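So this block is model.cif, mmCIF, C-alpha atoms and all ligand atoms:
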```cif
data_protein
#
loop_
_atom_site.group_PDB
_atom_site.id
_atom_site.type_symbol
_atom_site.label_atom_id
_atom_site.label_comp_id
_atom_site.auth_asym_id
_atom_site.auth_seq_id
_atom_site.Cartn_x
_atom_site.Cartn_y
_atom_site.Cartn_z
ATOM 1 C CA MET A 28 10.367 13.857 -17.735
ATOM 2 C CA ALA A 29 9.647 13.049 -14.092
ATOM 3 C CA THR A 30 11.062 9.952 -12.428
ATOM 4 C CA ALA A 31 8.945 7.766 -10.137
ATOM 5 C CA LEU A 32 10.073 5.133 -7.646
ATOM 6 C CA ILE A 33 7.534 2.365 -7.038
ATOM 7 C CA THR A 34 7.987 -0.307 -4.387
ATOM 8 C CA GLY A 35 6.364 -3.661 -5.096
ATOM 9 C CA ALA A 36 6.212 -2.865 -8.810
ATOM 10 C CA THR A 37 6.135 -6.424 -10.148
ATOM 11 C CA ALA A 38 2.586 -7.369 -9.143
ATOM 12 C CA GLY A 39 -0.862 -6.034 -8.337
ATOM 13 C CA ILE A 40 -1.309 -2.340 -7.565
ATOM 14 C CA GLY A 41 2.406 -1.509 -7.871
ATOM 15 C CA ALA A 42 2.573 -3.071 -11.345
ATOM 16 C CA ALA A 43 -0.514 -1.054 -12.327
ATOM 17 C CA PHE A 44 1.198 2.158 -11.163
ATOM 18 C CA ALA A 45 4.309 1.186 -13.137
ATOM 19 C CA ARG A 46 2.321 0.580 -16.356
ATOM 20 C CA LEU A 47 0.345 3.801 -15.966
ATOM 21 C CA LEU A 48 3.327 6.023 -15.174
ATOM 22 C CA ALA A 49 5.512 4.507 -17.888
ATOM 23 C CA ALA A 50 2.688 4.964 -20.420
ATOM 24 C CA ARG A 51 2.614 8.637 -19.415
ATOM 25 C CA GLY A 52 6.318 8.946 -20.228
ATOM 26 C CA ASN A 53 7.832 8.828 -16.735
ATOM 27 C CA ASP A 54 11.168 7.156 -16.103
ATOM 28 C CA LEU A 55 10.938 4.588 -13.319
ATOM 29 C CA ILE A 56 12.884 2.991 -10.501
ATOM 30 C CA VAL A 57 11.137 -0.268 -9.680
ATOM 31 C CA VAL A 58 11.702 -2.197 -6.446
ATOM 32 C CA SER A 59 10.858 -5.737 -5.329
ATOM 33 C CA ARG A 60 12.641 -8.840 -4.014
ATOM 34 C CA ASP A 61 12.412 -11.325 -6.906
ATOM 35 C CA GLU A 62 15.293 -10.083 -9.095
ATOM 36 C CA LYS A 63 14.448 -12.195 -12.141
ATOM 37 C CA ARG A 64 10.827 -11.050 -12.244
ATOM 38 C CA LEU A 65 11.872 -7.459 -11.523
ATOM 39 C CA THR A 66 14.395 -7.385 -14.376
ATOM 40 C CA ALA A 67 11.816 -8.847 -16.770
ATOM 41 C CA THR A 68 9.195 -6.288 -15.646
ATOM 42 C CA ALA A 69 11.660 -3.416 -16.105
ATOM 43 C CA ALA A 70 12.639 -4.618 -19.604
ATOM 44 C CA GLU A 71 8.974 -5.013 -20.653
ATOM 45 C CA LEU A 72 8.048 -1.532 -19.443
ATOM 46 C CA ALA A 73 11.074 0.086 -21.083
ATOM 47 C CA GLU A 74 10.390 -1.673 -24.379
ATOM 48 C CA ALA A 75 6.653 -0.949 -24.392
ATOM 49 C CA HIS A 76 6.857 2.731 -23.452
ATOM 50 C CA GLY A 77 10.341 3.896 -24.477
ATOM 51 C CA VAL A 78 11.240 5.099 -20.963
ATOM 52 C CA ASP A 79 14.190 4.390 -18.685
ATOM 53 C CA VAL A 80 13.304 1.739 -16.076
ATOM 54 C CA ARG A 81 15.896 0.909 -13.419
ATOM 55 C CA PRO A 82 15.344 -2.274 -11.383
ATOM 56 C CA VAL A 83 16.544 -2.215 -7.761
ATOM 57 C CA ALA A 84 16.189 -5.633 -6.146
ATOM 58 C CA ALA A 85 15.635 -5.135 -2.421
ATOM 59 C CA ASP A 86 13.849 -6.647 0.535
ATOM 60 C CA LEU A 87 12.326 -3.652 2.287
ATOM 61 C CA THR A 88 12.142 -5.532 5.596
ATOM 62 C CA ASP A 89 15.953 -5.608 5.549
ATOM 63 C CA ASP A 90 17.661 -2.526 7.053
ATOM 64 C CA ALA A 91 20.530 -2.344 4.561
ATOM 65 C CA ASP A 92 18.307 -2.938 1.508
ATOM 66 C CA CYS A 93 15.849 -0.329 2.744
ATOM 67 C CA ALA A 94 18.688 2.183 3.183
ATOM 68 C CA THR A 95 19.787 1.567 -0.411
ATOM 69 C CA VAL A 96 16.265 2.187 -1.698
ATOM 70 C CA ALA A 97 16.086 5.331 0.461
ATOM 71 C CA THR A 98 19.060 6.837 -1.404
ATOM 72 C CA HIS A 99 17.101 6.383 -4.653
ATOM 73 C CA ALA A 100 13.920 7.767 -3.056
ATOM 74 C CA ALA A 101 15.752 11.024 -2.343
ATOM 75 C CA GLU A 102 16.276 11.535 -6.085
ATOM 76 C CA VAL A 103 12.814 11.008 -7.530
ATOM 77 C CA ASP A 104 9.831 13.285 -8.267
ATOM 78 C CA LEU A 105 7.184 10.722 -7.268
ATOM 79 C CA LEU A 106 7.496 8.043 -4.598
ATOM 80 C CA VAL A 107 4.879 5.291 -4.442
ATOM 81 C CA ASN A 108 5.225 3.375 -1.169
ATOM 82 C CA ASN A 109 3.183 0.404 -2.284
ATOM 83 C CA ALA A 110 4.876 -2.878 -1.231
ATOM 84 C CA GLY A 111 2.875 -4.504 1.525
ATOM 85 C CA MET A 112 1.826 -7.824 2.951
ATOM 86 C CA ALA A 113 -0.736 -9.475 5.202
ATOM 87 C CA LEU A 114 -0.628 -12.417 7.593
ATOM 88 C CA ARG A 115 -3.224 -15.172 7.537
ATOM 89 C CA LYS A 116 -3.220 -16.024 11.205
ATOM 90 C CA GLY A 117 -4.177 -13.842 14.147
ATOM 91 C CA PHE A 118 -1.647 -11.902 16.250
ATOM 92 C CA THR A 119 -1.555 -14.336 19.154
ATOM 93 C CA TYR A 120 -0.870 -17.272 16.782
ATOM 94 C CA ASN A 121 1.937 -15.639 14.769
ATOM 95 C CA ASP A 122 5.638 -15.775 15.566
ATOM 96 C CA LEU A 123 7.002 -12.430 16.728
ATOM 97 C CA SER A 124 9.351 -12.464 13.716
ATOM 98 C CA ASP A 125 6.339 -12.542 11.335
ATOM 99 C CA GLU A 126 4.685 -9.658 13.164
ATOM 100 C CA GLU A 127 7.943 -7.691 13.005
ATOM 101 C CA ARG A 128 8.259 -8.458 9.278
ATOM 102 C CA ILE A 129 4.807 -7.029 8.484
ATOM 103 C CA LEU A 130 5.536 -3.971 10.644
ATOM 104 C CA ASN A 131 8.891 -3.439 8.938
ATOM 105 C CA LEU A 132 7.376 -3.638 5.454
ATOM 106 C CA ASN A 133 3.966 -1.979 5.894
ATOM 107 C CA VAL A 134 5.047 0.754 8.330
ATOM 108 C CA ARG A 135 8.801 1.145 8.829
ATOM 109 C CA SER A 136 9.780 1.107 5.147
ATOM 110 C CA VAL A 137 7.084 3.739 4.450
ATOM 111 C CA LEU A 138 8.536 5.893 7.239
ATOM 112 C CA ARG A 139 12.123 5.477 6.046
ATOM 113 C CA LEU A 140 11.518 6.093 2.341
ATOM 114 C CA THR A 141 9.265 9.084 3.064
ATOM 115 C CA HIS A 142 11.909 10.474 5.417
ATOM 116 C CA ALA A 143 14.471 10.254 2.609
ATOM 117 C CA ALA A 144 12.210 11.610 -0.141
ATOM 118 C CA LEU A 145 10.231 14.404 1.496
ATOM 119 C CA PRO A 146 13.031 16.821 2.520
ATOM 120 C CA ALA A 147 14.696 16.341 -0.875
ATOM 121 C CA MET A 148 11.420 17.068 -2.691
ATOM 122 C CA ALA A 149 10.742 20.058 -0.433
ATOM 123 C CA GLY A 150 14.229 21.391 -1.229
ATOM 124 C CA ARG A 151 13.388 21.191 -4.939
ATOM 125 C CA GLY A 152 9.973 22.760 -4.309
ATOM 126 C CA ARG A 153 8.053 19.946 -6.015
ATOM 127 C CA GLY A 154 7.245 16.259 -5.796
ATOM 128 C CA ALA A 155 4.632 13.796 -4.605
ATOM 129 C CA ILE A 156 4.384 10.780 -2.330
ATOM 130 C CA VAL A 157 1.611 8.191 -2.524
ATOM 131 C CA ASN A 158 1.454 5.860 0.475
ATOM 132 C CA VAL A 159 -0.660 2.790 -0.251
ATOM 133 C CA SER A 160 -2.810 2.195 2.813
ATOM 134 C CA SER A 161 -6.177 0.406 2.982
ATOM 135 C CA VAL A 162 -9.843 0.721 3.890
ATOM 136 C CA ALA A 163 -8.820 -1.651 6.700
ATOM 137 C CA GLY A 164 -7.065 1.286 8.383
ATOM 138 C CA PHE A 165 -10.283 3.199 9.073
ATOM 139 C CA ALA A 166 -11.464 0.905 11.894
ATOM 140 C CA PRO A 167 -10.496 -2.312 13.735
ATOM 141 C CA THR A 168 -12.420 -4.498 11.269
ATOM 142 C CA SER A 169 -10.297 -7.649 11.808
ATOM 143 C CA PRO A 170 -9.992 -8.913 15.368
ATOM 144 C CA ASN A 171 -6.595 -10.169 16.460
ATOM 145 C CA SER A 172 -4.842 -8.663 13.410
ATOM 146 C CA THR A 173 -2.160 -5.955 13.228
ATOM 147 C CA TYR A 174 -2.657 -5.301 9.480
ATOM 148 C CA GLY A 175 -5.332 -2.641 10.015
ATOM 149 C CA ALA A 176 -3.312 -0.972 12.769
ATOM 150 C CA GLY A 177 -0.363 -0.611 10.396
ATOM 151 C CA LYS A 178 -2.584 0.832 7.675
ATOM 152 C CA ALA A 179 -4.197 3.240 10.190
ATOM 153 C CA TRP A 180 -0.661 4.468 10.845
ATOM 154 C CA VAL A 181 0.018 4.911 7.109
ATOM 155 C CA THR A 182 -3.170 6.936 6.569
ATOM 156 C CA ASN A 183 -2.710 9.096 9.678
ATOM 157 C CA PHE A 184 0.993 9.612 8.879
ATOM 158 C CA SER A 185 0.177 10.767 5.338
ATOM 159 C CA GLN A 186 -2.597 13.087 6.531
ATOM 160 C CA SER A 187 -0.279 14.550 9.175
ATOM 161 C CA LEU A 188 2.482 15.320 6.674
ATOM 162 C CA ALA A 189 0.311 16.575 3.817
ATOM 163 C CA PRO A 190 -0.537 20.148 4.938
ATOM 164 C CA VAL A 191 3.075 21.123 5.746
ATOM 165 C CA ALA A 192 4.474 19.327 2.693
ATOM 166 C CA ARG A 193 2.007 21.253 0.510
ATOM 167 C CA GLU A 194 3.557 24.559 1.687
ATOM 168 C CA ASP A 195 6.840 23.258 0.226
ATOM 169 C CA GLY A 196 5.225 22.261 -3.075
ATOM 170 C CA VAL A 197 5.023 18.537 -2.260
ATOM 171 C CA ARG A 198 1.824 16.458 -2.297
ATOM 172 C CA VAL A 199 1.401 13.574 0.132
ATOM 173 C CA MET A 200 -1.584 11.259 -0.247
ATOM 174 C CA ALA A 201 -2.775 8.034 1.358
ATOM 175 C CA LEU A 202 -4.373 5.626 -1.103
ATOM 176 C CA CYS A 203 -6.967 3.494 0.694
ATOM 177 C CA PRO A 204 -8.369 0.754 -1.523
ATOM 178 C CA GLY A 205 -10.834 -1.944 -0.528
ATOM 179 C CA PHE A 206 -10.324 -5.437 -1.946
ATOM 180 C CA VAL A 207 -8.289 -5.532 -5.171
ATOM 181 C CA ARG A 208 -7.648 -8.493 -7.510
ATOM 182 C CA THR A 209 -3.891 -9.040 -7.002
ATOM 183 C CA GLU A 210 -1.534 -11.699 -5.624
ATOM 184 C CA PHE A 211 -1.847 -10.219 -2.130
ATOM 185 C CA HIS A 212 -4.341 -12.611 -0.510
ATOM 186 C CA GLU A 213 -2.921 -15.706 -2.206
ATOM 187 C CA ARG A 214 0.571 -14.856 -0.933
ATOM 188 C CA ALA A 215 -0.797 -14.635 2.609
ATOM 189 C CA GLY A 216 -2.830 -17.815 2.138
ATOM 190 C CA ILE A 217 -6.115 -15.965 2.659
ATOM 191 C CA ASP A 218 -9.096 -17.612 0.924
ATOM 192 C CA MET A 219 -11.067 -14.992 -1.019
ATOM 193 C CA SER A 220 -13.409 -17.460 -2.753
ATOM 194 C CA GLY A 221 -16.386 -16.294 -0.677
ATOM 195 C CA THR A 222 -15.839 -12.622 -1.499
ATOM 196 C CA PRO A 223 -18.523 -11.279 -3.848
ATOM 197 C CA GLY A 224 -17.258 -9.961 -7.196
ATOM 198 C CA TRP A 225 -18.645 -6.468 -6.588
ATOM 199 C CA MET A 226 -16.217 -6.094 -3.662
ATOM 200 C CA LEU A 227 -13.140 -6.682 -5.840
ATOM 201 C CA MET A 228 -11.582 -3.880 -7.893
ATOM 202 C CA ASP A 229 -9.043 -3.997 -10.711
ATOM 203 C CA ALA A 230 -5.537 -2.759 -9.887
ATOM 204 C CA ASP A 231 -5.457 -0.518 -12.999
ATOM 205 C CA PHE A 232 -8.631 1.255 -11.855
ATOM 206 C CA VAL A 233 -7.082 1.794 -8.391
ATOM 207 C CA ALA A 234 -3.850 3.269 -9.814
ATOM 208 C CA GLU A 235 -5.726 5.524 -12.260
ATOM 209 C CA THR A 236 -8.025 6.819 -9.506
ATOM 210 C CA ALA A 237 -5.030 7.459 -7.257
ATOM 211 C CA MET A 238 -3.201 9.540 -9.858
ATOM 212 C CA ARG A 239 -6.367 11.526 -10.604
ATOM 213 C CA ASP A 240 -6.966 12.195 -6.895
ATOM 214 C CA LEU A 241 -3.311 13.181 -6.427
ATOM 215 C CA LEU A 242 -3.636 15.782 -9.184
ATOM 216 C CA ARG A 243 -6.825 17.065 -7.536
ATOM 217 C CA GLY A 244 -4.869 17.622 -4.319
ATOM 218 C CA LYS A 245 -6.651 15.001 -2.189
ATOM 219 C CA THR A 246 -4.830 13.759 0.909
ATOM 220 C CA VAL A 247 -6.863 10.539 1.152
ATOM 221 C CA SER A 248 -8.028 8.623 -1.908
ATOM 222 C CA VAL A 249 -10.680 5.893 -1.625
ATOM 223 C CA PRO A 250 -11.254 4.385 -5.085
ATOM 224 C CA SER A 251 -14.840 3.538 -6.159
ATOM 225 C CA PHE A 252 -18.210 4.877 -5.076
ATOM 226 C CA THR A 253 -19.002 1.575 -3.338
ATOM 227 C CA TYR A 254 -15.972 1.801 -1.047
ATOM 228 C CA LYS A 255 -16.559 5.522 -0.421
ATOM 229 C CA LEU A 256 -19.986 4.497 0.915
ATOM 230 C CA ILE A 257 -18.486 1.651 2.971
ATOM 231 C CA VAL A 258 -15.861 3.977 4.484
ATOM 232 C CA SER A 259 -18.502 6.576 5.276
ATOM 233 C CA GLY A 260 -20.526 3.844 7.044
ATOM 234 C CA ILE A 261 -17.474 2.567 8.942
ATOM 235 C CA ARG A 262 -16.645 6.070 10.179
ATOM 236 C CA HIS A 263 -20.150 6.567 11.585
ATOM 237 C CA ILE A 264 -20.201 3.350 13.615
ATOM 238 C CA PRO A 265 -19.825 4.182 17.327
ATOM 239 C CA LEU A 266 -16.404 3.118 18.625
ATOM 240 C CA ASN A 267 -17.880 0.920 21.371
ATOM 241 C CA TRP A 268 -19.762 -1.205 18.769
ATOM 242 C CA TRP A 269 -16.538 -2.457 17.168
ATOM 243 C CA PRO A 270 -15.651 -5.260 19.599
ATOM 244 C CA THR A 271 -19.035 -6.922 18.965
ATOM 245 C CA LEU A 272 -19.098 -6.259 15.214
ATOM 246 C CA ALA A 273 -15.570 -7.494 14.666
ATOM 247 C CA THR A 274 -16.072 -10.591 16.772
ATOM 248 C CA GLN A 275 -19.202 -11.530 14.828
ATOM 249 C CA GLY A 276 -17.696 -10.580 11.477
ATOM 250 C CA SER A 277 -14.450 -12.521 11.495
ATOM 251 C CA LYS A 278 -14.051 -15.645 13.555
ATOM 252 C CA VAL A 279 -11.174 -16.671 11.293
ATOM 253 C CA MET A 280 -8.511 -14.248 12.506
ATOM 254 C CA ARG A 281 -9.612 -14.722 16.080
ATOM 255 C CA ARG A 282 -8.966 -18.447 15.948
ATOM 256 C CA GLY A 283 -5.737 -18.470 13.962
ATOM 257 C CA TYR A 284 -7.242 -21.422 12.108
ATOM 258 C CA SER A 285 -4.136 -22.749 10.405
ATOM 259 C CA ARG A 286 -2.181 -23.146 13.563
HETATM 260 N N1 LIG B 301 -5.016 -6.454 -2.719
HETATM 261 C C1 LIG B 301 -5.845 -5.870 -1.868
HETATM 262 O O1 LIG B 301 -7.024 -6.280 -1.686
HETATM 263 C C2 LIG B 301 -5.388 -4.639 -1.104
HETATM 264 C C3 LIG B 301 -6.370 -3.862 -0.472
HETATM 265 C C4 LIG B 301 -5.989 -2.731 0.229
HETATM 266 C C5 LIG B 301 -4.651 -2.364 0.284
HETATM 267 N N2 LIG B 301 -3.707 -3.142 -0.335
HETATM 268 C C6 LIG B 301 -2.306 -2.709 -0.228
HETATM 269 O O2 LIG B 301 -1.805 -2.494 -1.534
HETATM 270 C C7 LIG B 301 -0.377 -2.679 -1.552
HETATM 271 C C8 LIG B 301 -0.003 -3.565 -2.723
HETATM 272 O O3 LIG B 301 -0.658 -4.799 -2.553
HETATM 273 P P1 LIG B 301 -0.991 -5.766 -3.773
HETATM 274 O O4 LIG B 301 -2.362 -6.272 -3.518
HETATM 275 O O5 LIG B 301 -0.680 -5.124 -5.078
HETATM 276 O O6 LIG B 301 0.058 -6.926 -3.449
HETATM 277 P P2 LIG B 301 0.762 -8.054 -4.358
HETATM 278 O O7 LIG B 301 -0.019 -8.316 -5.595
HETATM 279 O O8 LIG B 301 1.012 -9.191 -3.427
HETATM 280 O O9 LIG B 301 2.164 -7.385 -4.760
HETATM 281 C C9 LIG B 301 3.099 -7.099 -3.765
HETATM 282 C C10 LIG B 301 4.344 -6.473 -4.400
HETATM 283 O O10 LIG B 301 5.222 -6.103 -3.325
HETATM 284 C C11 LIG B 301 6.493 -6.776 -3.470
HETATM 285 N N3 LIG B 301 6.994 -7.092 -2.133
HETATM 286 C C12 LIG B 301 6.433 -7.911 -1.209
HETATM 287 N N4 LIG B 301 7.188 -7.982 -0.112
HETATM 288 C C13 LIG B 301 8.262 -7.173 -0.343
HETATM 289 C C14 LIG B 301 9.425 -6.850 0.424
HETATM 290 N N5 LIG B 301 9.650 -7.378 1.630
HETATM 291 N N6 LIG B 301 10.324 -5.990 -0.115
HETATM 292 C C15 LIG B 301 10.130 -5.461 -1.348
HETATM 293 N N7 LIG B 301 9.062 -5.739 -2.111
HETATM 294 C C16 LIG B 301 8.136 -6.591 -1.616
HETATM 295 C C17 LIG B 301 6.164 -8.012 -4.325
HETATM 296 O O11 LIG B 301 7.280 -8.489 -5.083
HETATM 297 P P3 LIG B 301 8.354 -9.576 -4.464
HETATM 298 O O12 LIG B 301 7.537 -10.698 -3.879
HETATM 299 O O13 LIG B 301 9.201 -9.967 -5.627
HETATM 300 O O14 LIG B 301 9.125 -8.834 -3.431
HETATM 301 C C18 LIG B 301 5.114 -7.431 -5.276
HETATM 302 O O15 LIG B 301 5.745 -6.701 -6.317
HETATM 303 C C19 LIG B 301 -0.030 -3.248 -0.166
HETATM 304 O O16 LIG B 301 0.506 -2.216 0.624
HETATM 305 C C20 LIG B 301 -1.359 -3.726 0.385
HETATM 306 O O17 LIG B 301 -1.388 -3.692 1.788
HETATM 307 C C21 LIG B 301 -4.045 -4.253 -1.031
#
```
Mind turning this structure into structure tokens?
Ligand SMILES: NC(=O)c1ccc[n+]([C@@H]2O[C@H](COP(=O)([O-])OP(=O)(O)OC[C@H]3O[C@@H](n4cnc5c(N)ncnc54)[C@H](OP(=O)(O)O)[C@@H]3O)[C@@H](O)[C@H]2O)c1
Amino acid sequence: MATALITGATAGIGAAFARLLAARGNDLIVVSRDEKRLTATAAELAEAHGVDVRPVAADLTDDADCATVATHAAEVDLLVNNAGMALRKGFTYNDLSDEERILNLNVRSVLRLTHAALPAMAGRGRGAIVNVSSVAGFAPTSPNSTYGAGKAWVTNFSQSLAPVAREDGVRVMALCPGFVRTEFHERAGIDMSGTPGWMLMDADFVAETAMRDLLRGKTVSVPSFTYKLIVSGIRHIPLNWWPTLATQGSKVMRRGYSR
């Protein structure tokens, strides 16, 4: 059976990938920082699905930890670069160390793990990499935020690698969800109480759609018809409208309200 490595496998979208892949009989390597929760997650998955689940506790913003995870990434058939974070305040109100942390997790760890996995997969003539990006990467929807810029990088990076990787038998896909019910916003301290229910998807639906789109050979997966429409709308907005739209749409990030 194939082995998958999933970063951020203890919560939200990563946990949904872990459940889905384990239920399909894949062995797993699961990565996150909280060792106790990670060990419990691994034991639950192994018990429920009769597969081998190896926990690797690592902080992917840490160079040495990331290097350790990269050695595991070189051995697997499917890599899901999922761990990610957001910041509540705007760029000009954040410490540089916070901005570097989000860059290291959302961008640099994706680069490093893909760099370890892709040549190894290509050498074996098979494999797949799913990089979890976001609808937020399609346009500068949040003023004064670097989150969308990082996700734009993840999507573009995945699209750039996909055609050449395919020649070597490896699929690379960017997964670009809209809002998903997970711990993500709460961790960042972002209030989602005003977000209408129809804008929030379930993590299991997102993971299932991603695996279906990967099998279909897509290079970009946008789960749900609603978000496909939203993305199509976003991509047709003239570039010079964005400063006005974004300023009107989100005064929160602009102010850095919790300063
Ligand atoms: N939720 C949304 O609305 C949404 C929308 C679009 C895209 N996304 C993207 O989807 C991905 C997953 O988000 P989610 O909503 O599932 O988040 P989540 O519920 O907050 O889960 C995050 C997971 O990542 C792990 N993690 C966080 N920081 C880490 C670090 N430095 N090193 C290693 N592991 C780390 C967490 O475990 P530990 O805390 O134990 O490390 C946890 O397992 C992210 O890339 C996010 O940008 C989310």
Please enumerate the residues selected by the PyMOL selection byres (((not hetatm)) within 8 of (chain B and resi 301)) when evaluated against the supplied file, formatted as a ChimeraX atom specification. /A:34-42,58-62,64-65,84-89,108-113,128,132-133,159-163,174,178,203-214,227,230
Using C-alpha atoms, can you write the selected residues to a file as a PDB file, keeping the file's coordinate frame?
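Everything below was put into part12.pdb:
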```pdb
ATOM      1  CA  THR A  34       7.987  -0.307  -4.387  1.00  0.00           C
ATOM      2  CA  GLY A  35       6.364  -3.661  -5.096  1.00  0.00           C
ATOM      3  CA  ALA A  36       6.212  -2.865  -8.810  1.00  0.00           C
ATOM      4  CA  THR A  37       6.135  -6.424 -10.148  1.00  0.00           C
ATOM      5  CA  ALA A  38       2.586  -7.369  -9.143  1.00  0.00           C
ATOM      6  CA  GLY A  39      -0.862  -6.034  -8.337  1.00  0.00           C
ATOM      7  CA  ILE A  40      -1.309  -2.340  -7.565  1.00  0.00           C
ATOM      8  CA  GLY A  41       2.406  -1.509  -7.871  1.00  0.00           C
ATOM      9  CA  ALA A  42       2.573  -3.071 -11.345  1.00  0.00           C
ATOM     10  CA  VAL A  58      11.702  -2.197  -6.446  1.00  0.00           C
ATOM     11  CA  SER A  59      10.858  -5.737  -5.329  1.00  0.00           C
ATOM     12  CA  ARG A  60      12.641  -8.840  -4.014  1.00  0.00           C
ATOM     13  CA  ASP A  61      12.412 -11.325  -6.906  1.00  0.00           C
ATOM     14  CA  GLU A  62      15.293 -10.083  -9.095  1.00  0.00           C
ATOM     15  CA  ARG A  64      10.827 -11.050 -12.244  1.00  0.00           C
ATOM     16  CA  LEU A  65      11.872  -7.459 -11.523  1.00  0.00           C
ATOM     17  CA  ALA A  84      16.189  -5.633  -6.146  1.00  0.00           C
ATOM     18  CA  ALA A  85      15.635  -5.135  -2.421  1.00  0.00           C
ATOM     19  CA  ASP A  86      13.849  -6.647   0.535  1.00  0.00           C
ATOM     20  CA  LEU A  87      12.326  -3.652   2.287  1.00  0.00           C
ATOM     21  CA  THR A  88      12.142  -5.532   5.596  1.00  0.00           C
ATOM     22  CA  ASP A  89      15.953  -5.608   5.549  1.00  0.00           C
ATOM     23  CA  ASN A 108       5.225   3.375  -1.169  1.00  0.00           C
ATOM     24  CA  ASN A 109       3.183   0.404  -2.284  1.00  0.00           C
ATOM     25  CA  ALA A 110       4.876  -2.878  -1.231  1.00  0.00           C
ATOM     26  CA  GLY A 111       2.875  -4.504   1.525  1.00  0.00           C
ATOM     27  CA  MET A 112       1.826  -7.824   2.951  1.00  0.00           C
ATOM     28  CA  ALA A 113      -0.736  -9.475   5.202  1.00  0.00           C
ATOM     29  CA  ARG A 128       8.259  -8.458   9.278  1.00  0.00           C
ATOM     30  CA  LEU A 132       7.376  -3.638   5.454  1.00  0.00           C
ATOM     31  CA  ASN A 133       3.966  -1.979   5.894  1.00  0.00           C
ATOM     32  CA  VAL A 159      -0.660   2.790  -0.251  1.00  0.00           C
ATOM     33  CA  SER A 160      -2.810   2.195   2.813  1.00  0.00           C
ATOM     34  CA  SER A 161      -6.177   0.406   2.982  1.00  0.00           C
ATOM     35  CA  VAL A 162      -9.843   0.721   3.890  1.00  0.00           C
ATOM     36  CA  ALA A 163      -8.820  -1.651   6.700  1.00  0.00           C
ATOM     37  CA  TYR A 174      -2.657  -5.301   9.480  1.00  0.00           C
ATOM     38  CA  LYS A 178      -2.584   0.832   7.675  1.00  0.00           C
ATOM     39  CA  CYS A 203      -6.967   3.494   0.694  1.00  0.00           C
ATOM     40  CA  PRO A 204      -8.369   0.754  -1.523  1.00  0.00           C
ATOM     41  CA  GLY A 205     -10.834  -1.944  -0.528  1.00  0.00           C
ATOM     42  CA  PHE A 206     -10.324  -5.437  -1.946  1.00  0.00           C
ATOM     43  CA  VAL A 207      -8.289  -5.532  -5.171  1.00  0.00           C
ATOM     44  CA  ARG A 208      -7.648  -8.493  -7.510  1.00  0.00           C
ATOM     45  CA  THR A 209      -3.891  -9.040  -7.002  1.00  0.00           C
ATOM     46  CA  GLU A 210      -1.534 -11.699  -5.624  1.00  0.00           C
ATOM     47  CA  PHE A 211      -1.847 -10.219  -2.130  1.00  0.00           C
ATOM     48  CA  HIS A 212      -4.341 -12.611  -0.510  1.00  0.00           C
ATOM     49  CA  GLU A 213      -2.921 -15.706  -2.206  1.00  0.00           C
ATOM     50  CA  ARG A 214       0.571 -14.856  -0.933  1.00  0.00           C
ATOM     51  CA  LEU A 227     -13.140  -6.682  -5.840  1.00  0.00           C
ATOM     52  CA  ALA A 230      -5.537  -2.759  -9.887  1.00  0.00           C
TER      53      ALA A 230
END
```
Output check: residues returned by the PyMOL selection byres (((chain A and resi 157) around 10) and not hetatm), as a list in words: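 For this structure, the PyMOL selection byres (((chain A and resi 157) around 10) and not hetatm) captures Ile33, Leu105, Leu106, Val107, Asn108, Asn109, Val137, Thr141, Ala155, Ile156, Asn158, Val159, Ser160, Ser185, Arg198, Val199, Met200, Ala201, Leu202, Ala237, Met238, Leu241, Thr246, Val247 and Ser248 of chain A.
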Just the number, please: distance in Å from CA of Glu127 (chain A) to CA of Ala143 (chain A), one decimal. 21.7 Å
Using only C-alpha atoms, which of A:Leu123, A:Val249, A:Ala179, A:Ala100 sits nearest Met148 (chain A)? A:Ala100
Do you have the CA of Gly196 (chain A)-CA of Gly150 (chain A) distance handy? 9.2 Å
By how many Å are CA of Ser172 (chain A) and CA of Leu130 (chain A) apart?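 Distance reported for this atom pair: 11.7 Å.
Of the listed residues (A:Ser136, A:Ile56, A:Pro146, A:Phe165), A:Phe165 comes nearest to His263 (chain A); the distances count all atoms listed in the file.
Using only C-alpha atoms, the shortest contact distance between Glu102 (chain A) and any of A:Gly221, A:Pro190, A:Gly154, A:Gly216 is found at A:Gly154.
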Using all atoms listed in the file, find the one residue out of A:Ala149, A:Ala166, A:Leu32, A:Val96 that sits nearest to Ile264 (chain A).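 Nearest candidate to Ile264 (chain A) out of A:Ala149, A:Ala166, A:Leu32, A:Val96: A:Ala166.
Minimum atom-to-atom distances from A:Arg51, A:Phe184, A:Trp269, A:Ala29 to Arg135 (chain A) were compared using only C-alpha atoms, and the lowest value belongs to A:Phe184.
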Assuming the chain letters and numbering stay as they are in my file, what does the PyMOL selection byres (((chain A and resi 52) around 8) and not hetatm) actually select? List them as a PyMOL selection string. chain A and resi 28+48-51+53-54+76-78
Around all listed atoms of region 210-219 of chain A, padded 3 Å per side, what centre and edge lengths does the axis-aligned box have in Å to one decimal, as lines of an AutoDock Vina configuration file?
```
center_x = -5.2
center_y = -14.0
center_z = -1.5
size_x = 17.6
size_y = 13.6
size_z = 14.3
```
Distance criterion (only C-alpha atoms): nearest to Arg262 (chain A) out of A:Thr173, A:Gly224, A:Pro167, A:Leu72: A:Pro167
Spatial neighbours of Ala69 (chain A), 7 Å, only C-alpha atoms, chain gap at least 5 places, as a list of chain:residue names: A:Val80, A:Arg81, A:Pro82
